[in-house]
$ cat start.txt   # compact mmCIF, C-alpha atoms
# COMPACT_ATOMS: atom_id res chain seq x y z
CA MET A 1 43.02 99.73 -63.07
CA ASN A 2 45.73 97.82 -64.98
CA LYS A 3 49.05 97.39 -63.25
CA GLN A 4 52.10 98.06 -65.36
CA LEU A 5 53.99 94.87 -66.13
CA PRO A 6 57.27 94.79 -64.21
CA GLN A 7 60.78 94.16 -65.45
CA LEU A 8 61.66 90.84 -63.85
CA SER A 9 64.96 89.84 -62.31
CA GLU A 10 66.69 86.77 -63.73
CA ASN A 11 65.59 84.70 -60.73
CA GLY A 12 62.06 86.09 -60.94
CA THR A 13 61.94 85.10 -64.61
CA ARG A 14 63.26 81.62 -63.85
CA ILE A 15 60.69 81.09 -61.08
CA LEU A 16 57.74 82.29 -63.16
CA VAL A 17 58.83 79.98 -66.01
CA ALA A 18 59.13 77.07 -63.55
CA LEU A 19 55.59 77.77 -62.30
CA SER A 20 54.06 78.07 -65.78
CA GLY A 21 51.34 75.44 -65.93
CA ARG A 22 52.14 73.86 -62.56
CA ASN A 23 51.95 74.38 -58.81
CA LEU A 24 55.20 73.81 -56.92
CA HIS A 25 56.63 74.26 -53.44
CA GLY A 26 59.94 76.07 -52.90
CA TYR A 27 62.20 73.04 -53.25
CA GLY A 28 60.20 71.92 -56.30
CA ILE A 29 60.70 75.37 -57.84
CA MET A 30 64.44 75.14 -57.19
CA LYS A 31 64.61 71.68 -58.83
CA GLN A 32 62.50 72.79 -61.82
CA VAL A 33 64.65 75.89 -62.39
CA GLN A 34 67.77 73.73 -62.31
CA LYS A 35 66.20 71.28 -64.77
CA ASP A 36 65.04 74.07 -67.11
CA THR A 37 68.13 76.28 -67.02
CA ASP A 38 71.00 74.35 -65.41
CA VAL A 39 71.11 77.15 -62.79
CA ARG A 40 70.77 76.46 -59.07
CA ILE A 41 69.21 79.39 -57.23
CA PRO A 42 70.67 79.60 -53.71
CA ILE A 43 67.97 78.90 -51.12
CA GLY A 44 68.12 82.41 -49.60
CA SER A 45 67.77 84.05 -53.02
CA LEU A 46 64.95 81.67 -53.90
CA TYR A 47 62.81 82.58 -50.90
CA ARG A 48 63.60 86.32 -51.15
CA THR A 49 62.49 86.23 -54.78
CA ILE A 50 59.37 84.22 -53.93
CA ALA A 51 58.50 86.81 -51.25
CA LYS A 52 58.92 89.65 -53.77
CA LEU A 53 56.84 87.86 -56.41
CA LEU A 54 54.10 87.28 -53.82
CA LYS A 55 54.19 90.94 -52.72
CA ASP A 56 54.03 92.11 -56.34
CA GLY A 57 51.02 89.88 -57.07
CA LEU A 58 52.85 87.77 -59.65
CA ILE A 59 52.44 84.48 -57.78
CA GLU A 60 50.11 83.29 -55.05
CA GLU A 61 49.97 80.48 -52.53
CA CYS A 62 47.67 77.65 -53.52
CA ALA A 63 46.40 74.35 -52.18
CA THR A 64 48.58 71.26 -52.16
CA PRO A 65 48.03 69.47 -55.49
CA ALA A 66 46.23 66.12 -55.33
CA ASN A 67 49.22 64.41 -56.98
CA ALA A 68 51.76 65.74 -54.44
CA ASP A 69 54.36 63.24 -53.19
CA THR A 70 53.77 64.18 -49.56
CA GLU A 71 51.33 66.17 -47.53
CA ASP A 72 53.97 67.94 -45.46
CA GLU A 73 51.90 70.79 -44.03
CA ARG A 74 55.01 72.98 -43.80
CA ARG A 75 55.28 73.10 -47.58
CA ARG A 76 53.77 76.11 -49.28
CA TYR A 77 52.73 75.64 -52.88
CA TYR A 78 52.75 78.50 -55.36
CA ARG A 79 51.30 79.23 -58.77
CA ASN A 80 51.45 82.12 -61.20
CA THR A 81 48.62 84.63 -61.11
CA GLY A 82 47.13 85.95 -64.33
CA PHE A 83 49.27 89.04 -63.81
CA GLY A 84 52.33 86.80 -63.39
CA GLU A 85 51.54 84.97 -66.63
CA ARG A 86 51.23 88.28 -68.49
CA ALA A 87 54.52 89.44 -66.96
CA ILE A 88 56.42 86.29 -67.96
CA ASN A 89 54.98 86.39 -71.47
CA ALA A 90 56.13 90.00 -71.84
CA GLN A 91 59.58 89.11 -70.48
CA VAL A 92 59.93 86.20 -72.91
CA SER A 93 58.94 88.53 -75.77
CA ARG A 94 61.67 90.98 -74.69
CA TYR A 95 64.25 88.17 -74.57
CA LEU A 96 63.17 86.92 -78.02
CA ALA A 97 63.51 90.43 -79.46
CA ILE A 98 67.03 90.69 -78.06
CA ALA A 99 67.95 87.23 -79.39
CA ASN A 100 66.53 88.09 -82.83
CA ALA A 101 68.46 91.36 -82.94
CA ALA A 102 71.67 89.53 -82.05
CA ALA A 103 71.02 86.81 -84.64
CA ASN A 104 70.44 89.40 -87.37
CA ARG A 105 73.79 91.19 -86.87

$ encode --input "start.txt" --output "structure tokens"
Amino acid sequence: MNKQLPQLSENGTRILVALSGRNLHGYGIMKQVQKDTDVRIPIGSLYRTIAKLLKDGLIEECATPANADTEDERRRYYRNTGFGERAINAQVSRYLAIANAAANR
């Protein structure tokens, strides 16, 4: 059974983009989002959104990458699932359609 792709919140979109092609822990996600978008997600919002993305099957916990700076066992690393990748690709397509419509006015 195929799950319907969800509409993502702005923070959900930012987090899935940050995780595209890489595994990051929470603080790493926050830094990558800020680098990508110049937006700082407040820590409480970050972890609430991560919890929702986990529950919805869009991201999953994964092993600490071999190239990690530290092996702090408290850190949880995350990556996009295949479903999460499909969801972010669909969201980006929606954003591009909106941007194209605005540009053609």

$ closest_residue --input "start.txt" --among "A:Leu54, A:Val17, A:Ala66, A:Val39" --to "A:Tyr78" --atoms "all atoms listed in the file"
A:Leu54

$ residues_around --input "start.txt" --residues "A:Ile41" --least-positions-apart "6" --cutoff "12 Å" --atoms "only C-alpha atoms" --output "PDB file with C-alpha atoms, in the frame of the given file"
ATOM      1  CA  GLU A  10      66.690  86.770 -63.730  1.00  0.00           C
ATOM      2  CA  ASN A  11      65.590  84.700 -60.730  1.00  0.00           C
ATOM      3  CA  GLY A  12      62.060  86.090 -60.940  1.00  0.00           C
ATOM      4  CA  THR A  13      61.940  85.100 -64.610  1.00  0.00           C
ATOM      5  CA  ARG A  14      63.260  81.620 -63.850  1.00  0.00           C
ATOM      6  CA  ILE A  15      60.690  81.090 -61.080  1.00  0.00           C
ATOM      7  CA  GLY A  26      59.940  76.070 -52.900  1.00  0.00           C
ATOM      8  CA  TYR A  27      62.200  73.040 -53.250  1.00  0.00           C
ATOM      9  CA  GLY A  28      60.200  71.920 -56.300  1.00  0.00           C
ATOM     10  CA  ILE A  29      60.700  75.370 -57.840  1.00  0.00           C
ATOM     11  CA  MET A  30      64.440  75.140 -57.190  1.00  0.00           C
ATOM     12  CA  LYS A  31      64.610  71.680 -58.830  1.00  0.00           C
ATOM     13  CA  GLN A  32      62.500  72.790 -61.820  1.00  0.00           C
ATOM     14  CA  VAL A  33      64.650  75.890 -62.390  1.00  0.00           C
ATOM     15  CA  GLN A  34      67.770  73.730 -62.310  1.00  0.00           C
ATOM     16  CA  LYS A  35      66.200  71.280 -64.770  1.00  0.00           C
ATOM     17  CA  TYR A  47      62.810  82.580 -50.900  1.00  0.00           C
ATOM     18  CA  ARG A  48      63.600  86.320 -51.150  1.00  0.00           C
ATOM     19  CA  THR A  49      62.490  86.230 -54.780  1.00  0.00           C
ATOM     20  CA  ILE A  50      59.370  84.220 -53.930  1.00  0.00           C
TER      21      ILE A  50
END

$ atom_distance --input "start.txt" --atom1 "atom CA of A:Arg105" --atom2 "atom CA of A:Ile88"
26.1 Å

$ atom_distance --input "start.txt" --atom1 "atom CA of A:Ala102" --atom2 "atom CA of A:Leu58"
29.3 Å

$ closest_residue --input "start.txt" --among "A:Leu8, A:Leu16, A:Leu46, A:Leu24" --to "A:Arg94" --atoms "only C-alpha atoms"
A:Leu8

$ closest_residue --input "start.txt" --among "A:Ile43, A:Phe83, A:Asn100, A:Asn23" --to "A:Ala68" --atoms "all atoms listed in the file"
A:Asn23

$ closest_residue --input "start.txt" --among "A:Ala87, A:Leu96, A:Ala63, A:Arg22" --to "A:Lys3" --atoms "only C-alpha atoms"
A:Ala87

$ atom_distance --input "start.txt" --atom1 "atom CA of A:Leu53" --atom2 "atom CA of A:Arg76"
14.1 Å

$ closest_residue --input "start.txt" --among "A:Ala51, A:Ala101, A:Ser20, A:His25" --to "A:Gly82" --atoms "all atoms listed in the file"
A:Ser20

$ closest_residue --input "start.txt" --among "A:Ala18, A:Thr64, A:Tyr77, A:Asn104" --to "A:Thr37" --atoms "only C-alpha atoms"
A:Ala18
